[in-house]
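> Input my_file21.csv, format and content: CSV, C-alpha atoms.
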```csv
chain,number,residue,atom,x,y,z
D,249,MET,CA,0.0,0.0,0.0
D,250,SER,CA,1.1,3.6,-0.6
D,251,GLY,CA,1.6,6.1,2.1
D,252,ILE,CA,0.7,9.8,1.6
D,253,VAL,CA,3.7,11.6,3.2
D,254,GLY,CA,2.5,15.2,2.7
D,255,PHE,CA,0.6,17.9,0.9
D,256,VAL,CA,1.8,21.1,-0.7
D,257,GLY,CA,-0.6,23.7,-2.1
D,258,MET,CA,0.8,26.7,-4.0
D,259,SER,CA,-0.2,29.4,-6.4
D,260,HIS,CA,1.3,29.6,-9.9
D,261,SER,CA,1.7,32.5,-12.3
D,262,PRO,CA,3.3,33.0,-15.7
D,263,PHE,CA,5.2,35.9,-14.2
D,264,VAL,CA,7.2,33.9,-11.8
D,265,GLY,CA,9.5,33.4,-14.7
D,266,LEU,CA,8.6,36.4,-16.8
D,267,LEU,CA,9.1,38.9,-14.0
D,268,PRO,CA,11.3,37.2,-11.5
D,269,PRO,CA,12.3,39.0,-8.3
D,270,GLY,CA,15.8,40.4,-8.2
D,271,GLY,CA,15.9,39.9,-4.5
D,272,PRO,CA,13.8,39.2,-1.4
D,273,GLU,CA,12.4,42.7,-1.3
D,274,ASP,CA,11.1,42.7,-4.8
D,275,PRO,CA,7.6,41.6,-5.7
D,276,GLY,CA,7.4,37.8,-5.5
D,277,GLY,CA,10.6,37.6,-3.5
D,278,LEU,CA,8.9,36.1,-0.4
D,279,PHE,CA,7.0,33.6,-2.5
D,280,VAL,CA,10.2,32.4,-4.3
D,281,ALA,CA,12.1,32.1,-1.1
D,282,ASP,CA,9.4,30.2,0.6
D,283,ALA,CA,8.9,27.9,-2.4
D,284,ALA,CA,12.6,27.1,-2.1
D,285,ARG,CA,12.1,26.3,1.6
D,286,VAL,CA,9.3,23.9,0.7
D,287,ALA,CA,11.4,22.3,-2.1
D,288,ALA,CA,14.2,21.6,0.5
D,289,ALA,CA,11.6,20.0,2.8
D,290,VAL,CA,10.3,17.8,0.0
D,291,GLY,CA,13.8,16.8,-1.0
D,292,ALA,CA,14.4,15.6,2.6
D,293,LEU,CA,11.0,13.8,2.5
D,294,ALA,CA,12.2,11.9,-0.6
D,295,PRO,CA,8.8,10.9,-2.1
D,296,ASP,CA,8.7,8.2,-4.7
D,297,ALA,CA,5.9,9.7,-6.7
D,298,VAL,CA,3.9,12.9,-6.7
D,299,VAL,CA,0.2,13.4,-7.6
D,300,VAL,CA,-0.1,16.9,-9.1
D,301,ILE,CA,-3.4,18.6,-9.3
D,302,GLY,CA,-3.8,21.7,-11.4
D,303,PRO,CA,-5.7,23.5,-14.2
D,304,ASP,CA,-5.2,23.8,-17.9
D,305,HIS,CA,-5.1,27.2,-19.6
D,306,PHE,CA,-6.4,26.3,-23.0
D,307,HIS,CA,-3.3,24.4,-24.0
D,308,ALA,CA,-4.9,20.9,-24.0
D,309,ASN,CA,-8.6,21.3,-23.2
D,310,PHE,CA,-11.0,23.3,-25.3
D,311,TYR,CA,-14.7,23.8,-25.6
D,312,ASP,CA,-15.0,21.2,-28.4
D,313,GLN,CA,-14.8,18.8,-25.4
D,314,MET,CA,-14.2,20.2,-21.9
D,315,PRO,CA,-14.0,17.5,-19.3
D,316,PRO,CA,-14.3,18.4,-15.6
D,317,PHE,CA,-11.4,16.1,-14.6
D,318,VAL,CA,-8.7,14.4,-16.6
D,319,LEU,CA,-6.2,11.8,-15.3
D,320,GLY,CA,-3.0,11.1,-17.1
D,321,VAL,CA,-2.1,7.4,-16.9
D,322,GLU,CA,0.8,6.8,-19.3
D,323,GLU,CA,2.5,9.8,-20.8
D,324,ALA,CA,2.6,13.4,-19.8
D,325,VAL,CA,4.0,16.2,-22.0
D,326,GLY,CA,4.8,19.7,-20.8
D,327,PHE,CA,3.5,22.3,-23.2
D,328,GLY,CA,6.3,24.6,-22.3
D,329,ASP,CA,4.4,27.8,-21.9
D,330,PHE,CA,5.9,30.7,-19.9
D,331,GLY,CA,9.2,29.0,-19.2
D,332,SER,CA,7.8,25.7,-17.8
D,333,THR,CA,9.4,22.5,-19.0
D,334,ALA,CA,8.5,21.4,-22.5
D,335,GLY,CA,8.5,17.8,-23.5
D,336,PRO,CA,8.1,14.4,-21.8
D,337,LEU,CA,7.6,14.2,-18.1
D,338,PRO,CA,8.1,11.0,-16.0
D,339,VAL,CA,4.8,9.3,-15.1
D,340,ALA,CA,4.1,7.0,-12.2
D,341,THR,CA,2.0,4.7,-14.3
D,342,ARG,CA,1.4,2.0,-11.8
D,343,LEU,CA,0.1,4.5,-9.2
D,344,ALA,CA,-1.9,6.3,-11.9
D,345,TRP,CA,-3.8,3.2,-12.9
D,346,SER,CA,-4.3,2.0,-9.4
D,347,THR,CA,-5.7,5.4,-8.5
D,348,GLN,CA,-8.0,5.3,-11.5
D,349,ARG,CA,-9.4,2.0,-10.4
D,350,GLY,CA,-10.0,3.3,-6.9
D,351,LEU,CA,-11.7,6.5,-8.1
D,352,ALA,CA,-13.9,4.4,-10.5
D,353,ASP,CA,-14.9,2.2,-7.6
D,354,ALA,CA,-15.9,5.4,-5.7
D,355,GLY,CA,-18.1,6.5,-8.5
D,356,PHE,CA,-15.8,9.0,-10.3
D,357,ASP,CA,-15.5,8.2,-14.0
D,358,LEU,CA,-12.7,10.5,-14.9
D,359,THR,CA,-11.6,11.2,-18.4
D,360,LEU,CA,-8.4,9.3,-19.1
D,361,SER,CA,-5.5,10.4,-21.2
D,362,TYR,CA,-2.7,8.1,-22.4
D,363,SER,CA,-0.8,11.2,-23.5
D,364,LEU,CA,-1.8,14.2,-21.5
D,365,THR,CA,-0.5,17.7,-22.3
D,366,VAL,CA,0.0,19.8,-19.2
D,367,ASP,CA,0.8,23.5,-19.1
D,368,HIS,CA,2.3,25.8,-16.4
D,369,GLY,CA,-0.8,25.2,-14.2
D,370,VAL,CA,0.6,21.7,-13.5
D,371,VAL,CA,4.2,21.9,-14.4
D,372,GLN,CA,5.3,25.1,-12.6
D,373,GLY,CA,4.3,23.9,-9.1
D,374,TYR,CA,5.6,20.4,-9.8
D,375,GLU,CA,9.0,21.8,-10.8
D,376,MET,CA,9.2,24.3,-8.0
D,377,VAL,CA,8.2,21.8,-5.3
D,378,CYS,CA,10.2,18.9,-6.6
D,379,GLY,CA,13.3,20.7,-7.6
D,380,GLY,CA,12.9,19.8,-11.3
D,381,ILE,CA,11.2,16.9,-13.1
D,382,GLY,CA,12.9,13.8,-11.7
D,383,ILE,CA,10.1,12.5,-9.5
D,384,PRO,CA,7.5,10.5,-11.4
D,385,LEU,CA,4.1,12.2,-11.3
D,386,VAL,CA,0.4,11.4,-11.7
D,387,PRO,CA,-1.2,14.5,-13.3
D,388,LEU,CA,-4.8,15.3,-12.5
D,389,VAL,CA,-6.3,18.3,-14.4
D,390,VAL,CA,-9.3,20.1,-13.0
D,391,ASN,CA,-11.3,22.4,-15.2
D,392,THR,CA,-11.2,25.9,-13.7
D,393,ALA,CA,-11.2,27.8,-17.0
D,394,ALA,CA,-14.9,28.8,-17.4
D,395,PRO,CA,-18.3,27.4,-16.6
D,396,PRO,CA,-19.6,24.8,-16.4
D,397,LEU,CA,-17.2,24.1,-13.7
D,398,PRO,CA,-17.2,21.1,-11.3
D,399,GLY,CA,-18.9,22.1,-8.0
D,400,MET,CA,-16.6,22.7,-5.1
D,401,GLU,CA,-18.4,20.1,-3.1
D,402,ARG,CA,-17.7,17.6,-5.9
D,403,CYS,CA,-14.0,18.6,-5.8
D,404,VAL,CA,-13.9,17.9,-2.1
D,405,ALA,CA,-15.6,14.5,-2.6
D,406,LEU,CA,-13.1,13.7,-5.4
D,407,GLY,CA,-10.2,14.6,-3.1
D,408,THR,CA,-11.5,12.3,-0.4
D,409,ALA,CA,-11.8,9.5,-2.8
D,410,LEU,CA,-8.4,10.3,-4.3
D,411,GLY,CA,-6.8,10.0,-0.9
D,412,ALA,CA,-8.4,6.7,-0.3
D,413,ALA,CA,-7.4,5.4,-3.7
D,414,ILE,CA,-3.8,6.4,-3.2
D,415,ARG,CA,-3.6,4.8,0.3
D,416,ALA,CA,-5.2,1.5,-1.1
D,417,SER,CA,-2.9,1.5,-4.2
D,418,ASP,CA,-0.5,-1.3,-5.0
D,419,PHE,CA,2.2,1.3,-5.7
D,420,PRO,CA,4.9,0.5,-3.2
D,421,GLY,CA,6.1,3.9,-2.3
D,422,ARG,CA,5.7,7.3,-0.6
D,423,VAL,CA,3.4,9.7,-2.3
D,424,LEU,CA,3.3,13.5,-2.1
D,425,VAL,CA,0.2,15.4,-3.1
D,426,VAL,CA,0.7,18.8,-4.8
D,427,ALA,CA,-2.1,21.2,-5.8
D,428,SER,CA,-1.4,24.3,-7.8
D,429,GLY,CA,-3.8,27.2,-8.5
D,430,GLY,CA,-3.8,30.9,-8.3
D,431,LEU,CA,-5.6,32.5,-5.4
D,432,SER,CA,-7.5,35.7,-6.1
D,433,HIS,CA,-7.1,37.1,-9.5
D,434,TRP,CA,-9.3,38.7,-12.1
D,435,LEU,CA,-9.0,37.5,-15.7
D,436,PRO,CA,-10.8,38.2,-19.0
D,437,SER,CA,-13.7,35.9,-19.6
D,438,ASN,CA,-13.1,32.6,-21.3
D,439,ASP,CA,-16.8,31.7,-21.4
D,440,PRO,CA,-18.0,31.1,-25.0
D,441,ARG,CA,-21.5,32.1,-23.7
D,442,ASP,CA,-20.3,35.5,-22.8
D,443,PRO,CA,-21.6,38.0,-25.4
D,444,ASN,CA,-18.2,39.9,-25.1
D,445,VAL,CA,-16.3,36.8,-26.2
D,446,VAL,CA,-16.6,36.9,-30.0
D,447,GLY,CA,-14.9,36.4,-33.3
D,448,GLU,CA,-11.5,34.7,-33.5
D,449,ARG,CA,-11.1,34.6,-29.7
D,450,ARG,CA,-14.3,32.7,-29.2
D,451,ALA,CA,-13.5,30.3,-32.1
D,452,ALA,CA,-10.1,29.6,-30.6
D,453,LEU,CA,-11.6,28.7,-27.2
D,454,ILE,CA,-13.8,26.1,-29.0
D,455,HIS,CA,-11.6,25.0,-31.9
D,456,GLY,CA,-8.1,25.7,-30.5
D,457,ARG,CA,-7.2,22.0,-30.5
D,458,GLN,CA,-6.9,22.1,-34.3
D,459,ASP,CA,-3.7,24.1,-33.9
D,460,THR,CA,-2.7,24.6,-30.2
D,461,ARG,CA,0.6,26.2,-31.0
D,462,ALA,CA,-1.0,28.9,-33.2
D,463,PHE,CA,-3.7,29.6,-30.5
D,464,ALA,CA,-1.0,29.8,-27.8
D,465,ALA,CA,1.1,32.1,-29.9
D,466,ALA,CA,-1.8,34.5,-30.4
D,467,ARG,CA,-2.8,34.4,-26.8
D,468,GLU,CA,0.6,34.7,-25.1
D,469,PRO,CA,1.2,38.4,-25.9
D,470,ARG,CA,-2.1,39.3,-24.3
D,471,VAL,CA,-1.1,37.4,-21.2
D,472,ARG,CA,2.3,39.1,-21.1
D,473,ALA,CA,0.8,42.5,-21.4
D,474,MET,CA,-1.2,42.0,-18.2
D,475,GLY,CA,2.0,41.6,-16.0
D,476,GLY,CA,3.9,44.3,-14.2
D,477,ASP,CA,0.9,46.4,-13.1
D,478,PRO,CA,1.3,47.3,-9.3
D,479,ASN,CA,-2.3,48.2,-9.2
D,480,ALA,CA,-3.7,44.9,-10.6
D,481,ARG,CA,-6.6,43.7,-8.5
D,482,VAL,CA,-5.8,41.1,-5.8
D,483,ASN,CA,-8.0,40.4,-2.7
D,484,ALA,CA,-5.3,39.7,-0.1
D,485,GLU,CA,-7.8,39.6,2.7
D,486,TRP,CA,-9.8,36.8,1.0
D,487,ASP,CA,-6.6,34.9,0.1
D,488,ARG,CA,-5.5,34.9,3.8
D,489,TRP,CA,-9.0,33.8,4.8
D,490,PHE,CA,-8.9,30.9,2.4
D,491,LEU,CA,-5.5,29.7,3.8
D,492,ARG,CA,-6.9,29.9,7.3
D,493,GLN,CA,-9.7,27.6,6.4
D,494,LEU,CA,-7.1,25.0,5.3
D,495,ARG,CA,-5.3,25.4,8.6
D,496,VAL,CA,-8.4,24.8,10.7
D,497,PRO,CA,-9.4,22.8,8.4
D,498,ASP,CA,-12.8,23.9,7.4
D,499,LEU,CA,-13.4,23.2,3.7
D,500,ASP,CA,-17.2,23.5,4.2
D,501,ALA,CA,-16.8,27.2,4.8
D,502,VAL,CA,-15.1,27.5,1.4
D,503,THR,CA,-17.6,25.3,-0.5
D,504,ALA,CA,-20.5,27.2,1.1
D,505,LEU,CA,-19.5,30.2,-0.9
D,506,GLY,CA,-20.8,28.7,-4.1
D,507,HIS,CA,-19.7,29.6,-7.6
D,508,GLU,CA,-21.0,33.2,-7.7
D,509,LYS,CA,-19.7,34.4,-4.3
D,510,LEU,CA,-16.3,32.8,-4.9
D,511,GLU,CA,-16.0,34.7,-8.2
D,512,LEU,CA,-17.2,37.9,-6.5
D,513,GLU,CA,-14.6,37.6,-3.7
D,514,ALA,CA,-11.7,36.1,-5.6
D,515,GLY,CA,-12.3,36.8,-9.3
D,516,SER,CA,-12.7,34.4,-12.2
D,517,GLY,CA,-9.2,33.1,-11.6
D,518,GLY,CA,-10.1,32.3,-8.1
D,519,HIS,CA,-11.9,29.2,-9.4
D,520,GLU,CA,-8.4,27.6,-9.4
D,521,ILE,CA,-8.8,26.9,-5.7
D,522,ARG,CA,-10.7,23.8,-6.7
D,523,GLY,CA,-7.3,22.2,-7.2
D,524,TRP,CA,-6.4,23.1,-3.6
D,525,LEU,CA,-9.7,21.6,-2.4
D,526,VAL,CA,-9.0,18.3,-4.1
D,527,GLY,CA,-5.5,18.0,-2.7
D,528,ALA,CA,-6.4,19.1,0.8
D,529,ALA,CA,-9.3,16.7,1.0
D,530,ALA,CA,-7.1,13.9,-0.3
D,531,VAL,CA,-4.6,14.3,2.5
D,532,GLY,CA,-7.3,15.0,5.1
D,533,ARG,CA,-5.1,17.0,7.5
D,534,PRO,CA,-4.7,20.7,8.1
D,535,LEU,CA,-2.0,22.8,6.8
D,536,VAL,CA,0.8,23.2,9.4
D,537,TRP,CA,2.6,26.0,7.7
D,538,ASP,CA,1.6,28.6,5.1
D,539,SER,CA,3.0,31.8,3.6
D,540,TYR,CA,1.4,34.5,1.6
D,541,GLU,CA,2.4,37.5,-0.6
D,542,ALA,CA,0.0,39.7,-2.6
D,543,VAL,CA,1.8,40.3,-5.9
D,544,PRO,CA,-0.3,42.5,-8.2
D,545,GLN,CA,2.5,42.6,-10.7
D,546,TRP,CA,2.0,38.8,-11.1
D,547,ILE,CA,-1.8,39.3,-11.4
D,548,THR,CA,-2.5,37.0,-8.3
D,549,GLY,CA,-2.1,36.4,-4.7
D,550,MET,CA,0.8,34.0,-4.2
D,551,GLY,CA,0.2,31.5,-1.4
D,552,ILE,CA,1.9,28.3,-0.3
D,553,GLY,CA,0.7,25.8,2.3
D,554,ALA,CA,2.2,22.5,3.4
D,555,THR,CA,1.8,19.6,5.8
D,556,PHE,CA,4.2,16.7,5.8
D,557,ASP,CA,4.5,13.2,7.4
D,558,VAL,CA,0.8,12.6,7.2
D,559,ASP,CA,0.9,8.8,7.3
```
Would you write the structure of this file as structure tokens?


Amino acid sequence: MSGIVGFVGMSHSPFVGLLPPGGPEDPGGLFVADAARVAAAVGALAPDAVVVIGPDHFHANFYDQMPPFVLGVEEAVGFGDFGSTAGPLPVATRLAWSTQRGLADAGFDLTLSYSLTVDHGVVQGYEMVCGGIGIPLVPLVVNTAAPPLPGMERCVALGTALGAAIRASDFPGRVLVVASGGLSHWLPSNDPRDPNVVGERRAALIHGRQDTRAFAAAREPRVRAMGGDPNARVNAEWDRWFLRQLRVPDLDAVTALGHEKLELEAGSGGHEIRGWLVGAAAVGRPLVWDSYEAVPQWITGMGIGATFDVD
């Protein structure tokens, strides 16, 4: 049987690499320093595999088919956006399949991928926490891009089943659970039903799979242009409240917000906390340490939380 040896939740942002801090006093300096602290702890923990939960930013999933959850079971390929690793990533296939069986038995029929493309929403946290890409991973992508989104209660239920599936797995090793998602941040709508999402942009959200590289090349300059604004909207008070709920823990207080209130308080990008909810529920223990820095220049609040030696 596998043992879950810890959980790390952390924000991600394209601007971690695009606008890196020059020192600890620069925007993002605290986050980068504390991410290194967590990476050192993970190195000492020496997990044999890591389950990584995160979103996709229209590099693999589009509105021709938009699954709520996708599990990679054989190959994972980094898209390479915003400085994240491009190309093949090591996959813990035995753990992936065993986890899939456990989730299916619990009533979760996840979409399966034998060759899953993952972007910085999965890869950035994986790289930062694990000190590179040497530890085999099981990637689990949660749709947080635009409605219809999986309910937050459903994400917690999935996390609970995920933890049970990992613990019952025939994978003979130590498993770390990592969840990555921005905290509060406000992004342009990606909802094809939005009357303001029109023309080529709307077509790309639906048909971008036909040429993912072309879609990414058109979108990336718009993303880059958002960075560096010290007045970009971040709700630091809400972000700190959310981290406190994971320390209690009280996930019910978070799920009780519902879709609309979550978006009101944390922005459209705040829906990425669904990944945190899945991971925290899988481990089933409170955070024992967390760190937070509001970084408007990176378009999001940058939080990290961790608990180790769970089993």

> Please determine, counting only C-alpha atoms, which residue among D:Gly302, D:Gly373, D:Gly527, D:Pro478 has the shortest atom-to-atom distance to D:Ile414.

D:Gly527

> Kindly indicate which residue among D:Leu512, D:Leu525, D:Val290, D:Met314 lies nearest to D:Pro396, using all atoms listed in the file for the distances.

D:Met314

> Need to verify the contact set: D:Met400, 9 Å, all atoms listed in the file, exclusion of same-chain residues closer than 4 positions in sequence. Can you return it as a ChimeraX atom specification?

/D:404-405,502-504,506-507,521-522,525-526

> Provide the atom CA of D:Val390 to atom CA of D:Val318 distance in Å, to one decimal place.

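Interatomic distance here is 6.8 Å.
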
> Would you list the contacts of D:Arg470 as a compact mmCIF listing (two decimals) with C-alpha atoms, keeping the file's coordinate frame, taking every protein, DNA or RNA residue within 12 Å and counting all atoms listed in the file, but skipping same-chain residues closer than 3 positions in sequence?


```
# COMPACT_ATOMS: atom_id res chain seq x y z
CA PRO D 262 3.30 33.00 -15.70
CA LEU D 435 -9.00 37.50 -15.70
CA PRO D 436 -10.80 38.20 -19.00
CA ARG D 449 -11.10 34.60 -29.70
CA PHE D 463 -3.70 29.60 -30.50
CA ALA D 464 -1.00 29.80 -27.80
CA ALA D 465 1.10 32.10 -29.90
CA ALA D 466 -1.80 34.50 -30.40
CA ARG D 467 -2.80 34.40 -26.80
CA ALA D 473 0.80 42.50 -21.40
CA MET D 474 -1.20 42.00 -18.20
CA GLY D 475 2.00 41.60 -16.00
```

> Given the choices D:Trp489, D:Arg349, D:Thr365, D:Gly382, which gets closest to D:Ala501 if the distance is worked out from only C-alpha atoms?

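Among D:Trp489, D:Arg349, D:Thr365, D:Gly382, it is D:Trp489 that comes nearest to D:Ala501.
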
> For a quick check of understanding, using all atoms listed in the file, which of D:Ser539, D:Ser261, D:Gln313, D:Ser363 has the smallest distance to D:Phe330?

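The shortest atom-to-atom distance to D:Phe330 comes from D:Ser261.
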
> With only C-alpha atoms as the basis for distance, which of D:Val321, D:Ala308, D:Val482, D:Ala413 is at the shortest distance from D:Phe356?

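Checking each candidate against D:Phe356, we get D:Ala413 as the closest.
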
> Go through D:Ala394, D:Ala283, D:Ala292, D:Ala554 and flag the residue nearest D:Val445, using all atoms listed in the file for the distances.

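Among the listed residues, D:Ala394 lies closest to D:Val445.
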